[in-house]
There are 4 protein chains.
Amino acid sequence: MIKAAVLGATGYAGIELVRLLTNHPEVNIEILGSKSFAGQKISEVYKNFNHVLEKECEELDIEKVSKCDVAFTALPHGASKEVIPSLIDKGLKVIDLSGDYRYDDPAVYEEWYGQKHSSPELMKEAVYGLPELHREKIKGARLIGNPGCYTTCSILGAAPLLANKIGETKNIIVDAKSGVTGAGRSASLPYQFCECTENMKAYKVATHRHTSEIEQELGNIAGEKIMLSFTPHLIPVKRGILSTIYVNLNRESSAEELTKMYKDFYKDEFFVRVKEVGDLPETKHVAGSNFVDIGVCYDKRLQRAVVVSALDNIVKGAAGQAVQNMNLLFGLDEKLGLNNPGFYL
Amino acid sequence: MIKAAVLGATGYAGIELVRLLTNHPEVNIEILGSKSFAGQKISEVYKNFNHVLEKECEELDIEKVSKCDVAFTALPHGASKEVIPSLIDKGLKVIDLSGDYRYDDPAVYEEWYGQKHSSPELMKEAVYGLPELHREKIKGARLIGNPGCYTTCSILGAAPLLANKIGETKNIIVDAKSGVTGAGRSASLPYQFCECTENMKAYKVATHRHTSEIEQELGNIAGEKIMLSFTPHLIPVKRGILSTIYVNLNRESSAEELTKMYKDFYKDEFFVRVKEVGDLPETKHVAGSNFVDIGVCYDKRLQRAVVVSALDNIVKGAAGQAVQNMNLLFGLDEKLGLNNPGFYL
Amino acid sequence: MIKAAVLGATGYAGIELVRLLTNHPEVNIEILGSKSFAGQKISEVYKNFNHVLEKECEELDIEKVSKCDVAFTALPHGASKEVIPSLIDKGLKVIDLSGDYRYDDPAVYEEWYGQKHSSPELMKEAVYGLPELHREKIKGARLIGNPGCYTTCSILGAAPLLANKIGETKNIIVDAKSGVTGAGRSASLPYQFCECTENMKAYKVATHRHTSEIEQELGNIAGEKIMLSFTPHLIPVKRGILSTIYVNLNRESSAEELTKMYKDFYKDEFFVRVKEVGDLPETKHVAGSNFVDIGVCYDKRLQRAVVVSALDNIVKGAAGQAVQNMNLLFGLDEKLGLNNPGFYL
Amino acid sequence: MIKAAVLGATGYAGIELVRLLTNHPEVNIEILGSKSFAGQKISEVYKNFNHVLEKECEELDIEKVSKCDVAFTALPHGASKEVIPSLIDKGLKVIDLSGDYRYDDPAVYEEWYGQKHSSPELMKEAVYGLPELHREKIKGARLIGNPGCYTTCSILGAAPLLANKIGETKNIIVDAKSGVTGAGRSASLPYQFCECTENMKAYKVATHRHTSEIEQELGNIAGEKIMLSFTPHLIPVKRGILSTIYVNLNRESSAEELTKMYKDFYKDEFFVRVKEVGDLPETKHVAGSNFVDIGVCYDKRLQRAVVVSALDNIVKGAAGQAVQNMNLLFGLDEKLGLNNPGFYL
């Protein structure tokens, strides 16, 4: 059994990790790290865990964590990079859910996150944890920078067009809609029920940090620097991201051709489900599961692909992807603990 | 492996059964029965099952079903009793989710359901599938009348007071609130999003069929006929029932005494979680899981217990309870396939 | 034109007052009092008011307020009673939306609110602002204790049974469900969207303060002391209260007789709509309006009335009722500014 | 008083018209046309109208309607054009909420709606009822083609950039999100509460009819043919459209310059509220009101404007705009009956 520590276990991504690991046949959760709830049982913080997991949350103790095989760090960005180097030193595999180790180039991090990085060497060593693009590298890594929720959805949605050199790299638009778990668990007026329900809004237009991740990965695929528009929106659902991606094509095509291109690109990927022509993803099809659903449309009038991709922001966009990465790191079946249909209802 | 048929697989209770059985280590789903979607894959009807279960739905074929070990009938009441006798004849164990086999006395069925029962002998033989009250009988049964959603919540909420002879049998009030999955999957104006969201209402006041089930079971516990008020309400959530139960006591008591009484009564029950004094259930603590949460308050001024119980209407109130019954029927660990925390988010 | 001050204008009840007064043909809002947002325009705090009301919020200045004809105090209980005596001294009519001036007997306030009252004489003088019961007294009052949201719904729902001496005063149960605006506007974890949506719960069972108001008013009608069970629940809608009220009857009756009794009792009340037999209220029928809808059922088996009443907690349960009281205080048509159908959608 | 007929009064746009006209000081509703509910009071169909408007719905009777001054036709497209020519013949002003009279060129209608137009001359005469662009023409019209919900939001959001010749006409993307009232009132599985809540999806990608309206109006402003991407999405709220509009600029600019450009363009428009730099619209700021809120961002890296516009799809996107047009047709203050803040809560 793999001994796992979940640091930041009481946030929304953290508790989803706990939910998934509780059902994982090869993992024992050894440590539930939580600053705010140290000393309390996880089943008091999230009462759905009563009778299922009665373990106590605790303050971070590096010595104790070092007895684990893997640490998931579901901490705020900035906090992750203070903790992770020690864990790596102790020989743990680390899967970091923050933005701290997702970049090839520390300068990009520093530009978008507005702070110096204290372990740029480690950042360079870290592998971007998107198995569908970096599976082999992930298997041998010590440190995984687990991708953001918006980014996984957007990168996987656009990748086949760029890999097949049919998508133009200019004028790519990613218009993304997210559920409210994306904002995390702390109390804040804009996320109060009465402020949030029956409302929609865009935020951080042209400035959201995930832009830089999407550009990095799509640029790597295209083999050239890419700059694109990324616009996040807040939608009154708990879970789910829907990305609508506009890519001009450099030649005529059809929905059939593009769909086949996507099916080929993802033919070995269990967690990517490319929809038939005419069918489109909905977030309720992916809620609670590790799947990404992708539908591809072709606008003949404009020679433009319109791709819609959907995932659950706290599963494939966070905790589920982290478990998928763990499976790879430890030589397990990638689907282990993740092969379920989620909850339509 | 147990070979299972799910008849009525594409309704909301049916698909929840499919979800739970897909994760059950000792079950193979052999047949997905669906009149409306025969010939279509279940993964086309509920697209969250894509890549997980690609099995086709089919029309009812008794011969084919008869090769299974167990049939779950998630059919409308009335339809169940037309099918079940043949299945029993073929030697299957049957777990019926309709109201057709829940009564000790066919006359009660006929009064509340307004139709003759075509197999009253079988009805008498059938066991009321509430494991917390009838575990031993269930183990040896051929046919289980799986309890209704409102009823499980209400019976388990009130039982300890009556079993301990502290609750008066007059003036019991059960005020219950249900999510919209309780209304099933067919399209109907009152359940359209715009009609249903931001709304609350009571319905079938003093006439809802589940009243008779609650009265039967609580009457059996009390050892005398019970008549009570049961009022169902529709609340804009998908899953969940919350029952608020008012019971006058025949002597003074305290929240502490009553809570201890409940904890004793349910001390061997994994799926019943009695809350500590001062703590109360919320439906989000039970959503997606087979748990019933119960909190007990004492109103000193009125010498009255106010009990709040919560469950997920399509799990412990339908599909999960059916799986729990199946585990008992086949000598498996009662928790198998059901030991998970549900989804708080 | 009546010169009005709204103190506490940026809470949910306060801003609803502002919305209603903006549409009132005989009122000018002179002062928008707000501690938290003093110096900001109301249209910056609630951006829906942009282009409609651009007035600035200000700190409380008794001298300035004293130039108004009427003050609405939408302040937390405890805060109201510190301000109101000075306003009364200055000759203003005051309509207080807190619990500070709702009681006949200061001892009841002190018991349920856990604090001494600093102006018990004024409390005794204040009139309980439920026009349907106290219209004539309201007209001549200086100070109105505007009823609570749960209480208006529950009192009007039960009053006819007690006034007609058919309802027993023992064993009355009020099971009430409220939308989330009832919790006010401050940020707090249990009211975050992700914690609140898809959830239901009961709270303050047997201890909620509104119990004492309901008991006072129903006791006055019955002519004897009444003690009853009142259970509030939190439901994921913004607006609306639904009360389900159980009252044993001292003789046989029928839905027809009871409905006629209610129609007679409220025959001159524009804002009370008694439903026909077989019809029941829904909160979406009253959302945004000052109406109370009441449906009456009779449970023949139990000789018990089950009454369902519905209102909008921030209109008839707060701001609308306050405007109705103001209309009475100033000799205006009681319906002025309130005669609209609310918003079904 | 203007005598008005509302044909199709029981659909969602129709009943919103009834709500607005009920509050309009210069209008009497003479006729409530409804095929499905003829013979029933409007207050039985929408019970919020009880005590406010008890008028009966009736079948269409052209002779009776002809005694009115104005008819609002809130009928399905196709049905409108069968009725309207007779009404025009009788001398009524007609405001049509369907797509039947919105086009300069019948061929465009026939292409996007897949049917011949039976009164192409009338279509050419009809004025596109967007007051912010066509006020003077509207004043003298007999027939108004009231714009679609998505279109009003999108056209007003993009117009200033094209009018000022700073926006490029290629590569315009309109990504729009709508509430569920947009789907109308009939019962249909995808709009059932349990299917719709906690879900998001795109639909009719590259094929939605409103595309053609947006292209017509923006093309007229730009003085050249425009083809653009328009993608509608379904979001689980009742009311509201949010359009995110991407327009490449032909020179460098800034948020400040663009915002000033918008403020100048709409300086005389009461119903258009241009946000300050850094501020963005939310649908809850416009719910229930006739306002359009617009925020303008500039992406310096891409020399691209990202504009976010929001309105209430059944007010400014349907019924409110129709009333605004009526005010213009009859020489009234354009704001009459529409000058209110809607409902934030």
# chains A, B, ... in the order shown; residues from 1 in each chain; ligands from 1
$ calpha_fit_and_write --fixed "chain C" --moving "chain B" --output "CSV table (one decimal) with C-alpha atoms, in the first residue's frame"
chain,number,residue,atom,x,y,z
B,1,MET,CA,-44.2,63.8,-0.1
B,2,ILE,CA,-43.2,61.8,2.9
B,3,LYS,CA,-39.5,62.3,3.8
B,4,ALA,CA,-38.0,58.9,4.7
B,5,ALA,CA,-34.8,57.7,6.3
B,6,VAL,CA,-33.7,54.1,5.8
B,7,LEU,CA,-31.2,53.2,8.5
B,8,GLY,CA,-29.4,50.0,7.7
B,9,ALA,CA,-30.0,50.5,4.0
B,10,THR,CA,-27.4,48.1,2.7
B,11,GLY,CA,-28.5,44.9,4.3
B,12,TYR,CA,-31.0,42.7,2.5
B,13,ALA,CA,-34.1,44.0,4.2
B,14,GLY,CA,-32.8,47.6,3.9
B,15,ILE,CA,-32.1,47.4,0.2
B,16,GLU,CA,-35.6,45.9,-0.4
B,17,LEU,CA,-37.0,48.9,1.4
B,18,VAL,CA,-35.1,51.1,-0.9
B,19,ARG,CA,-36.4,49.2,-3.9
B,20,LEU,CA,-40.0,49.5,-2.7
B,21,LEU,CA,-39.7,53.2,-1.7
B,22,THR,CA,-38.1,54.1,-5.0
B,23,ASN,CA,-41.3,52.9,-6.6
B,24,HIS,CA,-43.6,54.6,-4.1
B,25,PRO,CA,-45.4,57.7,-5.4
B,26,GLU,CA,-45.6,59.5,-2.1
B,27,VAL,CA,-42.1,59.0,-0.7
B,28,ASN,CA,-38.8,60.7,-1.1
B,29,ILE,CA,-35.8,58.8,0.4
B,30,GLU,CA,-33.9,61.5,2.2
B,31,ILE,CA,-31.3,59.4,4.0
B,32,LEU,CA,-29.6,56.1,3.3
B,33,GLY,CA,-27.9,55.1,6.6
B,34,SER,CA,-25.1,52.6,6.4
B,35,LYS,CA,-22.2,52.1,8.7
B,36,SER,CA,-20.3,49.8,6.4
B,37,PHE,CA,-20.8,51.8,3.2
B,38,ALA,CA,-20.9,55.4,4.4
B,39,GLY,CA,-19.5,57.6,1.7
B,40,GLN,CA,-20.4,55.2,-1.1
B,41,LYS,CA,-23.3,55.6,-3.4
B,42,ILE,CA,-26.0,53.0,-3.0
B,43,SER,CA,-25.6,52.3,-6.7
B,44,GLU,CA,-22.0,51.2,-6.1
B,45,VAL,CA,-23.1,48.7,-3.3
B,46,TYR,CA,-26.1,47.4,-5.3
B,47,LYS,CA,-25.3,48.1,-8.9
B,48,ASN,CA,-28.8,47.4,-10.1
B,49,PHE,CA,-29.6,50.9,-8.8
B,50,ASN,CA,-27.2,52.6,-11.2
B,51,HIS,CA,-29.1,55.2,-13.2
B,52,VAL,CA,-32.1,54.8,-10.8
B,53,LEU,CA,-30.9,56.0,-7.4
B,54,GLU,CA,-27.4,57.5,-7.2
B,55,LYS,CA,-27.7,58.7,-3.6
B,56,GLU,CA,-24.8,58.4,-1.2
B,57,CYS,CA,-24.9,56.3,2.0
B,58,GLU,CA,-24.1,58.1,5.2
B,59,GLU,CA,-23.3,57.5,8.9
B,60,LEU,CA,-26.1,57.9,11.3
B,61,ASP,CA,-26.6,61.6,12.2
B,62,ILE,CA,-29.7,62.0,14.4
B,63,GLU,CA,-30.0,65.7,13.7
B,64,LYS,CA,-30.1,65.1,10.0
B,65,VAL,CA,-32.5,62.2,10.3
B,66,SER,CA,-34.8,64.3,12.5
B,67,LYS,CA,-35.8,66.3,9.5
B,68,CYS,CA,-37.5,63.3,8.1
B,69,ASP,CA,-41.1,62.3,8.7
B,70,VAL,CA,-40.4,58.6,9.1
B,71,ALA,CA,-37.4,56.4,9.9
B,72,PHE,CA,-37.2,52.7,9.0
B,73,THR,CA,-34.6,51.0,11.2
B,74,ALA,CA,-33.3,47.9,9.5
B,75,LEU,CA,-30.6,47.4,12.1
B,76,PRO,CA,-29.6,44.3,14.1
B,77,HIS,CA,-31.6,43.8,17.2
B,78,GLY,CA,-30.0,45.5,20.1
B,79,ALA,CA,-28.7,48.3,17.8
B,80,SER,CA,-32.3,49.5,17.1
B,81,LYS,CA,-33.2,50.2,20.7
B,82,GLU,CA,-30.1,52.4,21.1
B,83,VAL,CA,-31.2,54.7,18.3
B,84,ILE,CA,-35.0,54.7,18.3
B,85,PRO,CA,-35.8,56.7,21.5
B,86,SER,CA,-33.9,59.7,20.1
B,87,LEU,CA,-35.8,59.5,16.9
B,88,ILE,CA,-39.1,59.3,18.7
B,89,ASP,CA,-38.1,62.3,20.8
B,90,LYS,CA,-37.5,64.2,17.6
B,91,GLY,CA,-41.1,63.5,16.6
B,92,LEU,CA,-40.5,61.0,13.9
B,93,LYS,CA,-42.6,58.0,13.2
B,94,VAL,CA,-40.4,54.9,13.5
B,95,ILE,CA,-40.9,51.6,11.9
B,96,ASP,CA,-38.4,49.1,13.4
B,97,LEU,CA,-37.6,45.9,11.5
B,98,SER,CA,-35.6,44.4,14.4
B,99,GLY,CA,-37.0,42.4,17.3
B,100,ASP,CA,-36.6,45.2,19.8
B,101,TYR,CA,-40.1,46.5,19.9
B,102,ARG,CA,-42.3,43.6,19.1
B,103,TYR,CA,-43.3,42.5,22.6
B,104,ASP,CA,-46.1,43.3,25.0
B,105,ASP,CA,-44.0,42.3,27.9
B,106,PRO,CA,-40.3,43.2,28.2
B,107,ALA,CA,-39.7,40.1,30.2
B,108,VAL,CA,-40.4,38.0,27.2
B,109,TYR,CA,-37.9,40.0,25.2
B,110,GLU,CA,-35.3,39.6,27.9
B,111,GLU,CA,-35.9,35.9,28.1
B,112,TRP,CA,-35.6,35.2,24.4
B,113,TYR,CA,-33.0,37.9,23.4
B,114,GLY,CA,-30.8,37.4,26.5
B,115,GLN,CA,-30.4,41.1,27.2
B,116,LYS,CA,-32.0,43.9,29.3
B,117,HIS,CA,-34.2,46.3,27.4
B,118,SER,CA,-33.2,49.9,27.8
B,119,SER,CA,-36.6,51.5,26.9
B,120,PRO,CA,-39.3,49.2,28.2
B,121,GLU,CA,-41.8,52.0,28.4
B,122,LEU,CA,-41.4,52.6,24.7
B,123,MET,CA,-41.6,48.9,24.0
B,124,LYS,CA,-45.0,48.8,25.8
B,125,GLU,CA,-46.2,51.8,23.7
B,126,ALA,CA,-45.0,50.3,20.4
B,127,VAL,CA,-47.6,48.7,18.3
B,128,TYR,CA,-47.0,45.2,16.7
B,129,GLY,CA,-47.1,46.1,13.0
B,130,LEU,CA,-49.2,43.3,11.6
B,131,PRO,CA,-51.9,45.3,9.9
B,132,GLU,CA,-54.2,42.4,9.3
B,133,LEU,CA,-54.6,42.1,13.1
B,134,HIS,CA,-53.8,45.6,14.5
B,135,ARG,CA,-54.7,48.0,11.8
B,136,GLU,CA,-56.5,50.6,13.9
B,137,LYS,CA,-53.8,50.7,16.6
B,138,ILE,CA,-51.1,51.1,13.9
B,139,LYS,CA,-52.8,54.1,12.4
B,140,GLY,CA,-52.2,56.1,15.6
B,141,ALA,CA,-48.8,54.8,16.6
B,142,ARG,CA,-45.5,56.6,17.0
B,143,LEU,CA,-43.4,53.4,16.9
B,144,ILE,CA,-44.1,50.2,15.0
B,145,GLY,CA,-42.4,46.9,15.9
B,146,ASN,CA,-42.5,45.4,12.4
B,147,PRO,CA,-43.0,41.6,12.7
B,148,GLY,CA,-40.5,39.0,11.8
B,149,CYS,CA,-40.6,37.1,8.6
B,150,TYR,CA,-41.4,33.7,10.1
B,151,THR,CA,-43.9,35.2,12.4
B,152,THR,CA,-46.0,37.0,9.9
B,153,CYS,CA,-46.3,33.8,7.9
B,154,SER,CA,-47.1,31.6,10.8
B,155,ILE,CA,-49.5,34.0,12.7
B,156,LEU,CA,-51.6,34.8,9.6
B,157,GLY,CA,-51.7,31.1,8.8
B,158,ALA,CA,-53.1,30.0,12.2
B,159,ALA,CA,-55.1,33.0,13.3
B,160,PRO,CA,-58.5,32.1,11.8
B,161,LEU,CA,-58.6,28.7,13.5
B,162,LEU,CA,-58.0,30.2,16.9
B,163,ALA,CA,-60.2,33.3,16.4
B,164,ASN,CA,-63.0,30.9,15.5
B,165,LYS,CA,-62.4,28.7,18.5
B,166,ILE,CA,-62.2,25.6,16.4
B,167,GLY,CA,-58.4,25.1,16.8
B,168,GLU,CA,-57.0,23.6,19.9
B,169,THR,CA,-54.3,25.5,21.6
B,170,LYS,CA,-52.3,22.4,22.5
B,171,ASN,CA,-50.1,20.5,20.0
B,172,ILE,CA,-49.8,23.3,17.5
B,173,ILE,CA,-46.8,22.7,15.3
B,174,VAL,CA,-45.3,25.3,13.0
B,175,ASP,CA,-42.7,23.8,10.6
B,176,ALA,CA,-41.2,26.6,8.6
B,177,LYS,CA,-38.8,26.7,5.6
B,178,SER,CA,-36.9,29.9,4.7
B,179,GLY,CA,-34.8,31.2,1.9
B,180,VAL,CA,-31.2,32.3,2.5
B,181,THR,CA,-31.8,36.1,2.4
B,182,GLY,CA,-33.1,35.5,5.9
B,183,ALA,CA,-29.6,35.0,7.1
B,184,GLY,CA,-28.6,38.6,6.0
B,185,ARG,CA,-25.7,39.8,3.9
B,186,SER,CA,-22.5,39.2,5.8
B,187,ALA,CA,-20.0,36.6,4.6
B,188,SER,CA,-20.2,33.4,6.6
B,189,LEU,CA,-19.1,29.8,5.6
B,190,PRO,CA,-22.5,28.1,6.0
B,191,TYR,CA,-24.1,30.5,3.6
B,192,GLN,CA,-21.4,30.2,0.9
B,193,PHE,CA,-22.9,29.0,-2.4
B,194,CYS,CA,-21.2,25.6,-2.4
B,195,GLU,CA,-22.2,24.9,1.2
B,196,CYS,CA,-25.8,26.0,0.8
B,197,THR,CA,-26.9,24.9,-2.6
B,198,GLU,CA,-28.2,21.4,-2.9
B,199,ASN,CA,-28.6,21.3,0.9
B,200,MET,CA,-31.4,21.5,3.4
B,201,LYS,CA,-31.2,21.7,7.2
B,202,ALA,CA,-33.2,22.6,10.3
B,203,TYR,CA,-31.7,25.0,12.8
B,204,LYS,CA,-32.4,26.4,16.3
B,205,VAL,CA,-34.9,23.7,16.9
B,206,ALA,CA,-37.1,24.6,19.9
B,207,THR,CA,-35.1,27.7,20.6
B,208,HIS,CA,-35.7,30.2,17.7
B,209,ARG,CA,-36.7,33.7,18.9
B,210,HIS,CA,-39.6,34.0,16.6
B,211,THR,CA,-41.3,31.3,18.6
B,212,SER,CA,-42.1,33.9,21.3
B,213,GLU,CA,-43.6,36.4,18.8
B,214,ILE,CA,-45.9,33.7,17.3
B,215,GLU,CA,-46.9,32.6,20.8
B,216,GLN,CA,-47.7,36.2,21.9
B,217,GLU,CA,-49.9,37.0,19.0
B,218,LEU,CA,-51.7,33.6,18.7
B,219,GLY,CA,-52.2,33.7,22.5
B,220,ASN,CA,-53.8,37.1,22.3
B,221,ILE,CA,-56.2,35.8,19.6
B,222,ALA,CA,-57.0,32.7,21.5
B,223,GLY,CA,-57.3,34.5,24.8
B,224,GLU,CA,-55.0,32.1,26.6
B,225,LYS,CA,-51.3,31.4,26.8
B,226,ILE,CA,-50.1,29.3,23.9
B,227,MET,CA,-46.9,27.3,23.7
B,228,LEU,CA,-46.0,25.7,20.4
B,229,SER,CA,-43.3,24.0,18.4
B,230,PHE,CA,-41.6,26.2,15.8
B,231,THR,CA,-38.9,24.7,13.7
B,232,PRO,CA,-37.1,26.9,11.1
B,233,HIS,CA,-35.3,25.3,8.1
B,234,LEU,CA,-32.8,26.7,5.6
B,235,ILE,CA,-33.7,26.0,2.0
B,236,PRO,CA,-31.5,26.9,-1.1
B,237,VAL,CA,-33.7,29.7,-2.5
B,238,LYS,CA,-33.1,33.4,-2.1
B,239,ARG,CA,-36.6,34.5,-1.1
B,240,GLY,CA,-39.5,32.9,0.5
B,241,ILE,CA,-40.9,31.3,3.6
B,242,LEU,CA,-43.3,28.4,3.6
B,243,SER,CA,-45.0,27.5,6.9
B,244,THR,CA,-46.7,24.2,7.4
B,245,ILE,CA,-49.0,24.5,10.4
B,246,TYR,CA,-50.7,21.6,12.2
B,247,VAL,CA,-53.6,22.4,14.4
B,248,ASN,CA,-55.9,19.8,16.1
B,249,LEU,CA,-59.6,20.8,15.9
B,250,ASN,CA,-62.1,20.5,18.7
B,251,ARG,CA,-64.8,19.1,16.4
B,252,GLU,CA,-65.1,17.6,12.9
B,253,SER,CA,-64.9,19.9,10.0
B,254,SER,CA,-64.0,19.9,6.3
B,255,ALA,CA,-61.7,21.6,3.9
B,256,GLU,CA,-64.7,23.5,2.5
B,257,GLU,CA,-65.8,24.8,5.9
B,258,LEU,CA,-62.3,25.7,6.9
B,259,THR,CA,-61.5,27.5,3.6
B,260,LYS,CA,-64.7,29.5,4.0
B,261,MET,CA,-63.7,30.4,7.5
B,262,TYR,CA,-60.4,31.7,6.2
B,263,LYS,CA,-62.0,33.6,3.3
B,264,ASP,CA,-64.4,35.2,5.7
B,265,PHE,CA,-61.7,36.1,8.2
B,266,TYR,CA,-59.5,37.8,5.5
B,267,LYS,CA,-62.3,39.1,3.3
B,268,ASP,CA,-61.2,42.7,3.6
B,269,GLU,CA,-57.5,41.9,3.4
B,270,PHE,CA,-55.9,42.7,0.0
B,271,PHE,CA,-52.6,41.1,0.9
B,272,VAL,CA,-53.9,37.8,2.1
B,273,ARG,CA,-55.0,35.4,-0.6
B,274,VAL,CA,-56.8,32.3,0.6
B,275,LYS,CA,-56.6,29.5,-1.9
B,276,GLU,CA,-59.5,27.5,-3.1
B,277,VAL,CA,-60.0,24.0,-1.7
B,278,GLY,CA,-57.4,21.7,-3.2
B,279,ASP,CA,-55.0,24.5,-4.1
B,280,LEU,CA,-51.8,25.2,-2.2
B,281,PRO,CA,-49.4,28.1,-2.0
B,282,GLU,CA,-46.0,28.1,-3.5
B,283,THR,CA,-43.3,30.6,-2.7
B,284,LYS,CA,-42.8,31.6,-6.3
B,285,HIS,CA,-46.4,33.0,-6.3
B,286,VAL,CA,-45.4,35.5,-3.6
B,287,ALA,CA,-41.7,36.2,-4.5
B,288,GLY,CA,-41.2,40.0,-4.8
B,289,SER,CA,-44.7,40.9,-3.7
B,290,ASN,CA,-46.4,41.8,-0.4
B,291,PHE,CA,-48.9,38.9,-0.5
B,292,VAL,CA,-49.4,36.1,1.9
B,293,ASP,CA,-51.0,33.0,0.3
B,294,ILE,CA,-52.7,30.5,2.5
B,295,GLY,CA,-54.1,27.1,1.7
B,296,VAL,CA,-56.1,25.0,4.2
B,297,CYS,CA,-56.4,21.2,4.3
B,298,TYR,CA,-58.4,19.0,6.6
B,299,ASP,CA,-57.2,15.6,7.7
B,300,LYS,CA,-60.4,13.8,8.4
B,301,ARG,CA,-58.6,10.8,9.9
B,302,LEU,CA,-57.0,12.9,12.6
B,303,GLN,CA,-59.5,15.8,12.9
B,304,ARG,CA,-56.6,18.1,12.2
B,305,ALA,CA,-56.1,21.2,10.0
B,306,VAL,CA,-52.9,21.4,8.0
B,307,VAL,CA,-52.4,25.0,6.9
B,308,VAL,CA,-49.8,26.0,4.4
B,309,SER,CA,-48.8,29.7,4.2
B,310,ALA,CA,-46.3,31.4,2.0
B,311,LEU,CA,-44.8,34.9,1.8
B,312,ASP,CA,-41.6,36.6,0.6
B,313,ASN,CA,-39.5,37.0,3.8
B,314,ILE,CA,-38.0,40.3,2.7
B,315,VAL,CA,-41.3,41.8,1.5
B,316,LYS,CA,-44.3,40.9,3.5
B,317,GLY,CA,-41.9,39.5,6.0
B,318,ALA,CA,-39.9,42.7,6.3
B,319,ALA,CA,-39.7,45.7,3.9
B,320,GLY,CA,-43.1,45.4,2.3
B,321,GLN,CA,-44.9,45.1,5.6
B,322,ALA,CA,-42.9,48.1,6.7
B,323,VAL,CA,-44.2,50.1,3.8
B,324,GLN,CA,-47.7,48.9,4.4
B,325,ASN,CA,-47.4,50.1,8.0
B,326,MET,CA,-46.1,53.5,6.7
B,327,ASN,CA,-49.1,53.8,4.4
B,328,LEU,CA,-51.3,53.3,7.5
B,329,LEU,CA,-49.4,55.7,9.6
B,330,PHE,CA,-49.6,58.5,7.0
B,331,GLY,CA,-53.3,57.9,6.1
B,332,LEU,CA,-52.4,56.7,2.6
B,333,ASP,CA,-54.1,53.8,0.6
B,334,GLU,CA,-52.6,50.7,2.3
B,335,LYS,CA,-51.8,49.3,-1.1
B,336,LEU,CA,-49.8,52.2,-2.4
B,337,GLY,CA,-46.5,51.2,-3.9
B,338,LEU,CA,-47.3,47.6,-3.1
B,339,ASN,CA,-49.9,46.6,-5.6
B,340,ASN,CA,-47.9,44.5,-8.0
B,341,PRO,CA,-47.6,40.8,-8.8
B,342,GLY,CA,-44.0,40.2,-7.8
B,343,PHE,CA,-41.9,38.0,-10.1
B,344,TYR,CA,-42.9,34.5,-10.8
B,345,LEU,CA,-39.7,34.1,-12.9
$ select_by_dssp --residues "stretch 14-224 of chain C" --states "strand (DSSP E)" --output "ChimeraX atom specification"
/C:27-33,57-58,70-73,93-96,127-128,143-145,173-178,201-202
$ select_by_dssp --residues "stretch 136-235 of chain B" --states "alpha helix (DSSP H)" --output "ChimeraX atom specification"
/B:136-139,149-163,193-196,210-222
$ decode --residues "stretch 146-160 of chain B" --atoms "C-alpha atoms" --output "short mmCIF file (atom, residue, chain, number, x, y, z; two decimals), in the first residue's frame"
data_model
loop_
_atom_site.label_atom_id
_atom_site.label_comp_id
_atom_site.auth_asym_id
_atom_site.auth_seq_id
_atom_site.Cartn_x
_atom_site.Cartn_y
_atom_site.Cartn_z
CA ASN B 146 -37.88 -2.02 -0.90
CA PRO B 147 -39.19 0.89 1.21
CA GLY B 148 -40.04 4.31 -0.14
CA CYS B 149 -37.72 7.27 0.24
CA TYR B 150 -39.86 9.32 2.59
CA THR B 151 -40.67 6.25 4.64
CA THR B 152 -37.13 5.08 5.35
CA CYS B 153 -36.25 8.55 6.54
CA SER B 154 -39.31 8.90 8.72
CA ILE B 155 -39.48 5.39 10.18
CA LEU B 156 -35.83 5.32 11.22
CA GLY B 157 -36.23 8.81 12.65
CA ALA B 158 -39.13 7.87 14.93
CA ALA B 159 -38.53 4.18 15.69
CA PRO B 160 -36.38 4.46 18.85
#
